[in-house]
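Trainee: Hey, dropping query31.txt in here, compact mmCIF, C-alpha atoms:
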# COMPACT_ATOMS: atom_id res chain seq x y z
CA MET L 1 0.00 0.00 0.00
CA ASP L 2 2.92 2.37 0.55
CA ALA L 3 4.79 1.64 -2.68
CA ILE L 4 5.74 4.78 -4.54
CA ILE L 5 5.02 4.62 -8.28
CA GLN L 6 7.08 6.99 -10.38
CA TYR L 7 5.94 7.99 -13.84
CA ASP L 8 7.62 9.73 -16.73
CA LYS L 9 6.45 13.34 -16.83
CA SER L 10 6.42 13.39 -20.61
CA GLU L 11 3.80 10.64 -20.76
CA PHE L 12 1.09 12.25 -18.68
CA HIS L 13 -0.90 15.46 -18.91
CA GLU L 14 -1.73 17.08 -15.61
CA THR L 15 -4.55 19.59 -15.21
CA SER L 16 -5.02 22.22 -12.56
CA SER L 17 -7.51 20.19 -10.55
CA GLY L 18 -5.09 17.30 -10.30
CA ILE L 19 -6.30 15.01 -13.11
CA LYS L 20 -3.47 12.95 -14.59
CA ILE L 21 -4.25 11.59 -18.05
CA SER L 22 -1.86 9.51 -20.12
CA LYS L 23 -1.06 10.89 -23.55
CA LYS L 24 -1.78 7.53 -25.13
CA SER L 25 -5.40 7.42 -24.03
CA ILE L 26 -8.21 8.38 -26.38
CA ILE L 27 -10.82 10.72 -24.96
CA LYS L 28 -13.55 12.09 -27.19
CA GLY L 29 -16.19 14.72 -26.48
CA THR L 30 -14.57 16.54 -23.60
CA GLU L 31 -17.36 19.13 -23.38
CA GLN L 32 -19.75 16.66 -21.85
CA ILE L 33 -17.27 15.07 -19.42
CA ASN L 34 -17.23 16.41 -15.84
CA VAL L 35 -14.45 15.19 -13.61
CA SER L 36 -14.41 16.37 -10.00
CA GLY L 37 -10.67 16.06 -9.53
CA ARG L 38 -7.65 13.97 -8.61
CA CYS L 39 -8.20 11.13 -11.06
CA ILE L 40 -5.61 9.02 -12.84
CA PHE L 41 -6.11 7.55 -16.31
CA PHE L 42 -3.41 5.16 -17.45
CA HIS L 43 -2.53 4.45 -21.08
CA ASP L 44 -4.85 2.97 -23.75
CA VAL L 45 -8.02 4.13 -22.02
CA ILE L 46 -10.94 4.94 -24.32
CA LEU L 47 -13.54 7.32 -22.90
CA ARG L 48 -16.44 8.40 -25.07
CA GLY L 49 -18.09 11.58 -23.98
CA ASP L 50 -19.71 12.44 -27.29
CA LEU L 51 -22.63 10.04 -26.94
CA ALA L 52 -23.98 11.21 -23.57
CA LYS L 53 -22.92 13.06 -20.45
CA VAL L 54 -20.20 11.48 -18.35
CA SER L 55 -19.85 12.66 -14.76
CA ILE L 56 -16.96 11.30 -12.73
CA GLY L 57 -16.27 11.78 -9.03
CA LYS L 58 -12.97 12.25 -7.26
CA TYR L 59 -10.10 9.79 -6.70
CA LEU L 60 -10.91 7.54 -9.63
CA VAL L 61 -8.12 5.25 -10.84
CA VAL L 62 -8.51 3.69 -14.25
CA HIS L 63 -5.84 1.19 -15.22
CA GLU L 64 -4.64 0.22 -18.70
CA LYS L 65 -6.82 -0.70 -21.68
CA VAL L 66 -10.21 0.09 -20.17
CA THR L 67 -13.09 1.28 -22.33
CA LEU L 68 -15.76 3.44 -20.74
CA LYS L 69 -18.74 3.97 -22.95
CA PRO L 70 -22.31 5.13 -22.26
CA SER L 71 -25.14 2.71 -23.02
CA TYR L 72 -28.48 3.21 -24.76
CA THR L 73 -32.16 2.32 -24.31
CA TYR L 74 -35.37 2.77 -26.17
CA GLY L 75 -37.52 5.43 -24.57
CA TYR L 76 -39.70 8.46 -25.08
CA THR L 77 -38.12 11.90 -25.49
CA LYS L 78 -39.39 15.45 -25.80
CA GLU L 79 -39.13 15.41 -29.56
CA SER L 80 -41.09 12.20 -29.95
CA PRO L 81 -43.45 11.70 -26.98
CA THR L 82 -45.42 8.89 -28.58
CA LYS L 83 -42.92 6.73 -30.41
CA LYS L 84 -39.95 4.99 -28.78
CA VAL L 85 -36.60 6.28 -29.91
CA ILE L 86 -32.97 5.46 -29.07
CA LYS L 87 -31.68 7.46 -26.10
CA PHE L 88 -28.13 7.36 -24.79
CA LEU L 89 -28.03 7.15 -21.00
CA PRO L 90 -25.57 9.28 -19.01
CA LEU L 91 -22.71 7.47 -17.29
CA MET L 92 -22.26 8.36 -13.62
CA ILE L 93 -19.21 7.19 -11.72
CA SER L 94 -19.07 8.19 -8.05
CA ASP L 95 -16.08 8.89 -5.80
CA TYR L 96 -13.34 6.45 -4.79
CA VAL L 97 -13.73 3.88 -7.56
CA GLU L 98 -10.96 1.72 -8.93
CA ILE L 99 -11.23 0.02 -12.32
CA ASP L 100 -8.59 -2.58 -13.05
CA SER L 101 -7.03 -3.32 -16.42
CA SER L 102 -8.67 -4.54 -19.65
CA SER L 103 -12.26 -4.15 -18.48
CA ILE L 104 -15.12 -3.00 -20.62
CA ILE L 105 -17.66 -0.83 -18.87
CA GLN L 106 -20.99 0.17 -20.36
CA ALA L 107 -22.85 0.61 -17.09
CA SER L 108 -25.16 3.48 -16.32
CA LYS L 109 -24.20 4.06 -12.70
CA ILE L 110 -21.33 2.97 -10.47
CA GLY L 111 -21.63 3.68 -6.75
CA THR L 112 -19.00 4.96 -4.31
CA CYS L 113 -16.07 2.94 -2.96
CA THR L 114 -16.42 0.05 -5.43
CA SER L 115 -13.62 -1.86 -7.04
CA ILE L 116 -13.90 -3.60 -10.37
CA GLY L 117 -11.44 -6.35 -11.28
CA LYS L 118 -9.42 -7.20 -14.36
CA ASN L 119 -11.01 -8.39 -17.63
CA CYS L 120 -14.56 -7.68 -16.48
CA TYR L 121 -17.36 -7.18 -18.95
CA ILE L 122 -20.06 -4.92 -17.59
CA SER L 123 -22.85 -4.75 -20.16
CA HIS L 124 -25.46 -2.16 -20.99
CA ARG L 125 -27.51 -0.32 -18.39
CA CYS L 126 -26.04 -2.05 -15.30
CA ILE L 127 -26.30 -0.34 -11.94
CA ILE L 128 -23.60 -1.12 -9.39
CA GLY L 129 -24.34 -0.25 -5.77
CA GLU L 130 -21.91 1.27 -3.32
CA ASN L 131 -19.16 -0.55 -1.40
CA SER L 132 -19.28 -3.54 -3.72
CA ILE L 133 -16.54 -5.64 -5.26
CA ILE L 134 -16.66 -7.21 -8.70
CA LEU L 135 -14.15 -10.01 -9.01
CA ASP L 136 -11.71 -10.54 -11.88
CA ASP L 137 -12.89 -12.18 -15.13
CA SER L 138 -16.58 -11.75 -14.41
CA ILE L 139 -19.28 -11.09 -16.95
CA LEU L 140 -22.34 -9.08 -15.93
CA PRO L 141 -25.22 -9.54 -18.39
CA PRO L 142 -27.22 -6.47 -19.45
CA ASP L 143 -29.56 -4.75 -16.98
CA THR L 144 -28.12 -6.34 -13.82
CA VAL L 145 -28.52 -4.41 -10.59
CA VAL L 146 -25.74 -5.11 -8.09
CA PRO L 147 -26.95 -4.24 -4.58
CA ALA L 148 -24.82 -2.34 -2.10
CA ASN L 149 -22.22 -4.14 0.02
CA SER L 150 -22.02 -7.25 -2.17
CA VAL L 151 -19.39 -9.31 -3.94
CA TYR L 152 -20.24 -10.46 -7.46
CA GLY L 153 -18.25 -12.79 -9.66
CA GLY L 154 -18.41 -15.57 -12.23
CA ARG L 155 -19.74 -16.04 -15.73
CA PRO L 156 -22.57 -14.96 -15.55
CA ALA L 157 -21.97 -12.99 -12.38
CA ILE L 158 -23.90 -14.05 -9.31
CA TYR L 159 -24.02 -12.90 -5.72
CA ILE L 160 -21.20 -14.53 -3.78
CA ALA L 161 -20.75 -12.81 -0.43
CA GLU L 162 -21.38 -9.70 1.60
CA THR L 163 -18.61 -7.16 2.09
CA PRO L 164 -17.70 -6.11 5.63
CA GLU L 165 -18.60 -2.69 6.90
CA SER L 166 -15.01 -1.49 6.74
CA THR L 167 -14.72 -1.65 2.93
CA ALA L 168 -15.65 2.02 2.50
CA ILE L 169 -12.90 3.28 4.79
CA ILE L 170 -10.28 0.87 3.43
CA GLN L 171 -11.07 1.78 -0.18
CA LYS L 172 -10.92 5.52 0.56
CA GLN L 173 -7.54 5.23 2.29
CA LYS L 174 -6.17 2.96 -0.44
CA LEU L 175 -7.05 5.36 -3.25
CA ILE L 176 -5.94 8.51 -1.41
CA ASN L 177 -2.56 6.85 -0.75
CA PHE L 178 -2.34 5.66 -4.37
CA TYR L 179 -2.83 9.21 -5.61
CA LYS L 180 -0.29 10.60 -3.13
CA ASN L 181 2.33 8.02 -4.10
CA PHE L 182 1.88 8.51 -7.87
CA VAL L 183 4.77 10.87 -8.28
CA PRO L 184 6.79 12.07 -11.30
CA LYS L 185 10.37 10.98 -11.66
CA SER L 186 12.72 13.68 -10.54
CA MET F 1 -23.31 8.94 -45.17
CA SER F 2 -21.04 6.93 -42.89
CA LEU F 3 -19.23 7.90 -39.72
CA ILE F 4 -15.56 6.89 -39.62
CA LEU F 5 -13.66 8.02 -36.53
CA SER F 6 -10.40 6.10 -36.90
CA GLN F 7 -7.87 6.12 -39.68
CA ILE F 8 -8.47 3.64 -42.50
CA ASN F 9 -6.60 3.08 -45.72
CA LYS F 10 -9.34 4.00 -48.18
CA ASP F 11 -7.72 2.40 -51.24
CA ASN F 12 -8.03 -1.15 -50.04
CA VAL F 13 -11.04 -0.86 -47.76
CA LYS F 14 -14.47 -0.01 -49.08
CA VAL F 15 -17.23 0.92 -46.70
CA GLY F 16 -20.94 0.99 -47.50
CA LYS F 17 -23.52 3.60 -46.53
CA GLY F 18 -24.64 4.21 -42.98
CA CYS F 19 -21.64 2.51 -41.35
CA CYS F 20 -20.38 3.60 -37.96
CA ILE F 21 -16.73 2.90 -37.27
CA ALA F 22 -15.63 4.02 -33.83
CA LEU F 23 -12.30 5.02 -32.33
CA GLY F 24 -9.26 2.79 -32.17
CA VAL F 25 -10.36 0.40 -34.92
CA GLN F 26 -7.69 -1.15 -37.08
CA ILE F 27 -8.74 -2.45 -40.49
CA ILE F 28 -5.62 -3.92 -42.03
CA SER F 29 -5.69 -5.13 -45.62
CA GLU F 30 -2.18 -6.05 -46.58
CA ILE F 31 -2.72 -7.58 -50.03
CA GLY F 32 -6.39 -8.28 -50.70
CA GLU F 33 -9.31 -5.92 -50.36
CA ILE F 34 -11.85 -5.66 -47.59
CA ILE F 35 -15.40 -4.77 -48.54
CA ILE F 36 -17.84 -3.84 -45.80
CA GLY F 37 -21.57 -3.64 -46.46
CA ASP F 38 -24.22 -1.15 -45.39
CA TYR F 39 -25.24 -0.22 -41.83
CA THR F 40 -22.53 -2.16 -39.99
CA ILE F 41 -21.39 -1.02 -36.58
CA ILE F 42 -17.75 -1.56 -35.64
CA GLU F 43 -17.13 -0.48 -32.06
CA GLU F 44 -13.96 0.50 -30.23
CA GLY F 45 -10.74 -1.46 -30.41
CA CYS F 46 -11.71 -3.95 -33.10
CA LEU F 47 -9.17 -5.52 -35.42
CA ILE F 48 -10.13 -6.74 -38.89
CA ARG F 49 -7.31 -8.15 -40.93
CA ASN F 50 -6.95 -9.73 -44.36
CA ASN F 51 -3.74 -11.62 -45.04
CA HIS F 52 -4.74 -13.45 -48.22
CA PHE F 53 -4.75 -12.45 -51.87
CA LYS F 54 -8.53 -12.92 -52.09
CA ARG F 55 -11.12 -10.33 -51.18
CA MET F 56 -12.70 -10.38 -47.75
CA ILE F 57 -16.39 -9.56 -47.85
CA ILE F 58 -18.34 -8.51 -44.79
CA GLY F 59 -22.08 -8.19 -45.30
CA SER F 60 -24.63 -5.66 -44.10
CA TYR F 61 -26.34 -5.09 -40.72
CA ASN F 62 -23.50 -6.69 -38.71
CA VAL F 63 -22.46 -5.58 -35.25
CA PHE F 64 -18.88 -5.96 -34.04
CA GLU F 65 -18.83 -5.06 -30.37
CA ILE F 66 -15.85 -3.78 -28.39
CA GLY F 67 -12.56 -5.60 -28.87
CA CYS F 68 -13.35 -8.19 -31.55
CA LYS F 69 -10.64 -9.67 -33.71
CA VAL F 70 -11.55 -11.09 -37.10
CA GLU F 71 -9.03 -12.50 -39.58
CA ASN F 72 -9.53 -13.71 -43.14
CA THR F 73 -13.18 -14.77 -42.90
CA ASN F 74 -16.11 -14.04 -45.19
CA ILE F 75 -19.10 -12.90 -43.22
CA GLY F 76 -22.76 -12.68 -44.20
CA ASP F 77 -25.57 -10.39 -43.06
CA CYS F 78 -27.22 -9.66 -39.70
CA ASN F 79 -24.56 -11.25 -37.47
CA VAL F 80 -23.64 -10.10 -33.99
CA PHE F 81 -20.13 -10.52 -32.61
CA GLU F 82 -20.21 -9.72 -28.91
CA MET F 83 -17.36 -8.34 -26.84
CA ARG F 84 -13.80 -9.62 -27.32
CA CYS F 85 -14.52 -12.64 -29.51
CA ILE F 86 -11.64 -13.92 -31.60
CA ILE F 87 -12.20 -15.57 -34.96
CA GLU F 88 -9.16 -17.08 -36.57
CA SER F 89 -8.43 -17.31 -40.26
CA GLY F 90 -10.19 -19.51 -42.78
CA CYS F 91 -13.70 -19.58 -41.31
CA THR F 92 -16.89 -18.79 -43.17
CA ILE F 93 -19.88 -17.34 -41.42
CA GLU F 94 -23.33 -17.13 -43.00
CA ASN F 95 -26.29 -15.03 -41.97
CA ASN F 96 -28.03 -14.34 -38.66
CA CYS F 97 -25.39 -15.86 -36.35
CA ARG F 98 -24.48 -14.65 -32.89
CA PHE F 99 -21.14 -15.16 -31.15
CA GLY F 100 -21.18 -14.74 -27.38
CA ILE F 101 -18.85 -12.73 -25.17
CA ASN F 102 -15.24 -13.94 -25.18
CA SER F 103 -15.73 -16.88 -27.53
CA ARG F 104 -12.69 -18.19 -29.34
CA ILE F 105 -13.12 -19.90 -32.68
CA PRO F 106 -10.25 -21.90 -34.18
CA SER F 107 -9.40 -21.74 -37.85
CA LYS F 108 -11.36 -23.26 -40.75
CA GLN F 109 -14.78 -23.62 -39.13
CA ASN F 110 -18.02 -23.09 -41.03
CA PHE F 111 -21.13 -21.65 -39.45
CA SER F 112 -24.40 -21.89 -41.32
CA ASN F 113 -27.46 -19.69 -40.84
CA PHE F 114 -29.00 -19.08 -37.39
CA SER F 115 -26.24 -20.64 -35.27
CA ARG F 116 -25.35 -19.42 -31.80
CA VAL F 117 -21.95 -19.80 -30.18
CA TYR F 118 -21.45 -19.41 -26.44
CA TYR F 119 -18.27 -19.27 -24.35
CA PRO F 120 -15.96 -21.04 -24.81
CA PHE F 121 -17.03 -22.91 -27.93
CA ASN F 122 -20.49 -24.41 -27.52
CA CYS F 123 -22.54 -24.17 -30.71
CA LEU F 124 -26.32 -24.35 -30.98
CA LYS F 125 -28.83 -23.91 -33.74
CA VAL F 126 -31.91 -21.78 -33.34
CA PRO F 127 -35.16 -22.09 -35.36
CA GLN F 128 -35.50 -19.64 -38.20
CA TYR F 129 -36.95 -16.20 -37.62
CA ASP F 130 -37.51 -13.06 -39.60
CA SER F 131 -34.53 -10.75 -39.30
CA SER F 132 -36.36 -7.55 -40.28
CA GLN F 133 -36.63 -6.35 -36.67
CA HIS F 134 -32.87 -6.68 -36.26
CA LYS F 135 -32.33 -4.68 -39.44
CA GLU F 136 -34.69 -1.90 -38.27
CA GLU F 137 -33.01 -1.62 -34.87
CA ILE F 138 -29.56 -1.39 -36.39
CA THR F 139 -30.54 1.21 -38.96
CA GLU F 140 -32.01 3.30 -36.11
CA LEU F 141 -28.80 2.95 -34.09
CA CYS F 142 -26.64 3.89 -37.07
CA VAL F 143 -28.77 6.94 -37.83
CA ALA F 144 -28.62 8.06 -34.17
CA LEU F 145 -24.84 7.57 -34.04
CA ILE F 146 -24.30 9.46 -37.30
CA GLN F 147 -26.45 12.36 -36.03
CA LEU F 148 -24.46 12.54 -32.80
CA GLY F 149 -21.17 12.29 -34.64
CA SER F 150 -21.91 15.08 -37.07
CA LYS F 151 -23.19 17.57 -34.47
CA LYS F 152 -19.90 18.91 -33.03
Using the file provided, produce a representation of the structure as structure tokens.
Mentor:
Amino acid sequence: MDAIIQYDKSEFHETSSGIKISKKSIIKGTEQINVSGRCIFFHDVILRGDLAKVSIGKYLVVHEKVTLKPSYTYGYTKESPTKKVIKFLPLMISDYVEIDSSSIIQASKIGTCTSIGKNCYISHRCIIGENSIILDDSILPPDTVVPANSVYGGRPAIYIAETPESTAIIQKQKLINFYKNFVPKS
Amino acid sequence: MSLILSQINKDNVKVGKGCCIALGVQIISEIGEIIIGDYTIIEEGCLIRNNHFKRMIIGSYNVFEIGCKVENTNIGDCNVFEMRCIIESGCTIENNCRFGINSRIPSKQNFSNFSRVYYPFNCLKVPQYDSSQHKEEITELCVALIQLGSKK
């Protein structure tokens, strides 16, 4: 937990509110993306903000090769109140979330203090509750609702266990320390 | 007419109308051509490669979800390739098939109409149905994506 990770300053952009984005990541539609601050995006991350609004909380860590993409439904809109039309749903990621490498995320909402493992496939319109853990190599089919304080895993993902009450505090400390120890090479 | 967000060599690759090709897609045609039909959706991070001298023909109304890899196969209409499936060279795929998440298909396999493949390589056949609803949904999606892409 206390390991210092040093990065090459030429490989990362850093903004005034403390967001560190790798130069090799592809981010599109930055007008609709709201990031609260202090997030880290490693290389080969694809983030699509041109389809719908993306609002991201603080202390998010996104590892390599993750795709974050908003999902869509069929629903009624102002322009067509009688006929169902394709609508892109906004993607909301709360504070203190960690997303491990090579995952594909098309969820609609991810709660606070969750951690998502490696090679996960989170399909359209999923809702992930707070303080939950999604294990490595799990596949969540479309429209799953993961309740708060739960551990999900497997193919297809099922409820495995309940997380202890200390997961929120441990996750917050872990990500605050990760951000503090992510330091440029001097 | 079509929305192409990543860089493609337009001499060897021909794309039909209404196609949506997202970011980070690599369509590599070293010797032979690649011809893609109308209203296909190729999502982020896909890799489509043609190593042979012959043409590679991909039909209309197909969906390639995030992270697929397709090599040297001729593909028909109305197929769905879900996330991260890998199809090796020499296969032929006919119409209305569906390949599940993370399926791996070895080389030189043939899939006839209406077959379903689930992880890792279980194959089923489904009774025939009318694919017009699939075609309508995909044309709607393509039109919505092209509208969003051309707004700026």
Trainee: Interatomic distance between atom CA of Ser186 of chain L and atom CA of Ala3 of chain L?
Mentor: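 Separating atom CA of Ser186 of chain L from atom CA of Ala3 of chain L is a distance of 16.4 Å.
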Trainee: Smallest atom-to-atom distance to chain F: which of L:Pro142, L:Gly37, L:Gly129, L:Gly111, using all atoms listed in the file?
Mentor: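 Between L:Pro142, L:Gly37, L:Gly129, L:Gly111, the residue approaching chain F most closely is L:Pro142.
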Trainee: Please provide as a VMD selection string all residues within 12 Å of Ser150 of chain F, with the sequence filter that same-chain residues fewer than 6 positions apart are discarded (counting all atoms listed in the file).
Mentor: (chain L and resid 50 to 51) or (chain F and resid 1 to 5 20 143 to 144)
Trainee: Report the closest atom pair, with its distance in Å rounded to one decimal, for each residue of segment 57-150 of chain F that has an atom no farther than 10 Å from segment 58-82 of chain L; count all atoms listed in the file, sort by chain and then rising residue number, and write it as CSV.
Mentor:
residue,atom,partner,partner_atom,distance
F:Ile66,CA,L:Thr67,CA,8.4
F:Gly67,CA,L:Thr67,CA,9.5
F:Leu141,CA,L:Tyr72,CA,9.3
Trainee: Ranking L:Thr167, L:Asn181, L:Ser25, L:Thr114 by minimum distance to chain F and counting only C-alpha atoms, which one comes first?
Mentor: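 Of L:Thr167, L:Asn181, L:Ser25, L:Thr114, the one nearest chain F, counting only C-alpha atoms, is L:Ser25.
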Trainee: Could you write segment 44-57 of chain F as a short mmCIF file (atom, residue, chain, number, x, y, z; two decimals), in the frame of the given file, with N, CA, C and O atoms rebuilt where they are missing?
Mentor:
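For reference, out.cif as written:
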data_model
loop_
_atom_site.label_atom_id
_atom_site.label_comp_id
_atom_site.auth_asym_id
_atom_site.auth_seq_id
_atom_site.Cartn_x
_atom_site.Cartn_y
_atom_site.Cartn_z
N GLU F 44 -15.34 0.11 -30.54
CA GLU F 44 -13.96 0.50 -30.23
C GLU F 44 -13.01 -0.67 -30.18
O GLU F 44 -13.33 -1.74 -29.69
N GLY F 45 -11.79 -0.48 -30.64
CA GLY F 45 -10.74 -1.46 -30.41
C GLY F 45 -10.83 -2.71 -31.25
O GLY F 45 -10.14 -3.68 -30.95
N CYS F 46 -11.61 -2.75 -32.30
CA CYS F 46 -11.71 -3.95 -33.10
C CYS F 46 -10.53 -4.05 -34.05
O CYS F 46 -9.89 -3.06 -34.37
N LEU F 47 -10.26 -5.29 -34.48
CA LEU F 47 -9.17 -5.52 -35.42
C LEU F 47 -9.70 -6.42 -36.52
O LEU F 47 -10.16 -7.51 -36.24
N ILE F 48 -9.67 -5.93 -37.76
CA ILE F 48 -10.13 -6.74 -38.89
C ILE F 48 -8.99 -6.81 -39.86
O ILE F 48 -8.50 -5.78 -40.33
N ARG F 49 -8.54 -8.02 -40.15
CA ARG F 49 -7.31 -8.15 -40.93
C ARG F 49 -7.50 -9.12 -42.08
O ARG F 49 -8.18 -10.14 -41.94
N ASN F 50 -6.91 -8.83 -43.21
CA ASN F 50 -6.95 -9.73 -44.36
C ASN F 50 -5.55 -10.01 -44.82
O ASN F 50 -4.86 -9.12 -45.31
N ASN F 51 -5.11 -11.27 -44.64
CA ASN F 51 -3.74 -11.62 -45.04
C ASN F 51 -3.65 -12.25 -46.40
O ASN F 51 -2.57 -12.42 -46.92
N HIS F 52 -4.79 -12.68 -46.98
CA HIS F 52 -4.74 -13.45 -48.22
C HIS F 52 -4.77 -12.55 -49.44
O HIS F 52 -4.99 -11.37 -49.37
N PHE F 53 -4.61 -13.17 -50.61
CA PHE F 53 -4.75 -12.45 -51.87
C PHE F 53 -6.21 -12.19 -52.20
O PHE F 53 -6.53 -11.23 -52.87
N LYS F 54 -7.13 -13.06 -51.69
CA LYS F 54 -8.53 -12.92 -52.09
C LYS F 54 -9.17 -11.74 -51.38
O LYS F 54 -8.65 -11.24 -50.39
N ARG F 55 -10.35 -11.36 -51.85
CA ARG F 55 -11.12 -10.33 -51.18
C ARG F 55 -11.76 -10.87 -49.92
O ARG F 55 -12.11 -12.04 -49.83
N MET F 56 -11.97 -10.00 -48.95
CA MET F 56 -12.70 -10.38 -47.75
C MET F 56 -13.98 -9.56 -47.74
O MET F 56 -13.93 -8.32 -47.80
N ILE F 57 -15.10 -10.24 -47.72
CA ILE F 57 -16.39 -9.56 -47.85
C ILE F 57 -17.15 -9.67 -46.53
O ILE F 57 -17.37 -10.78 -46.03
#
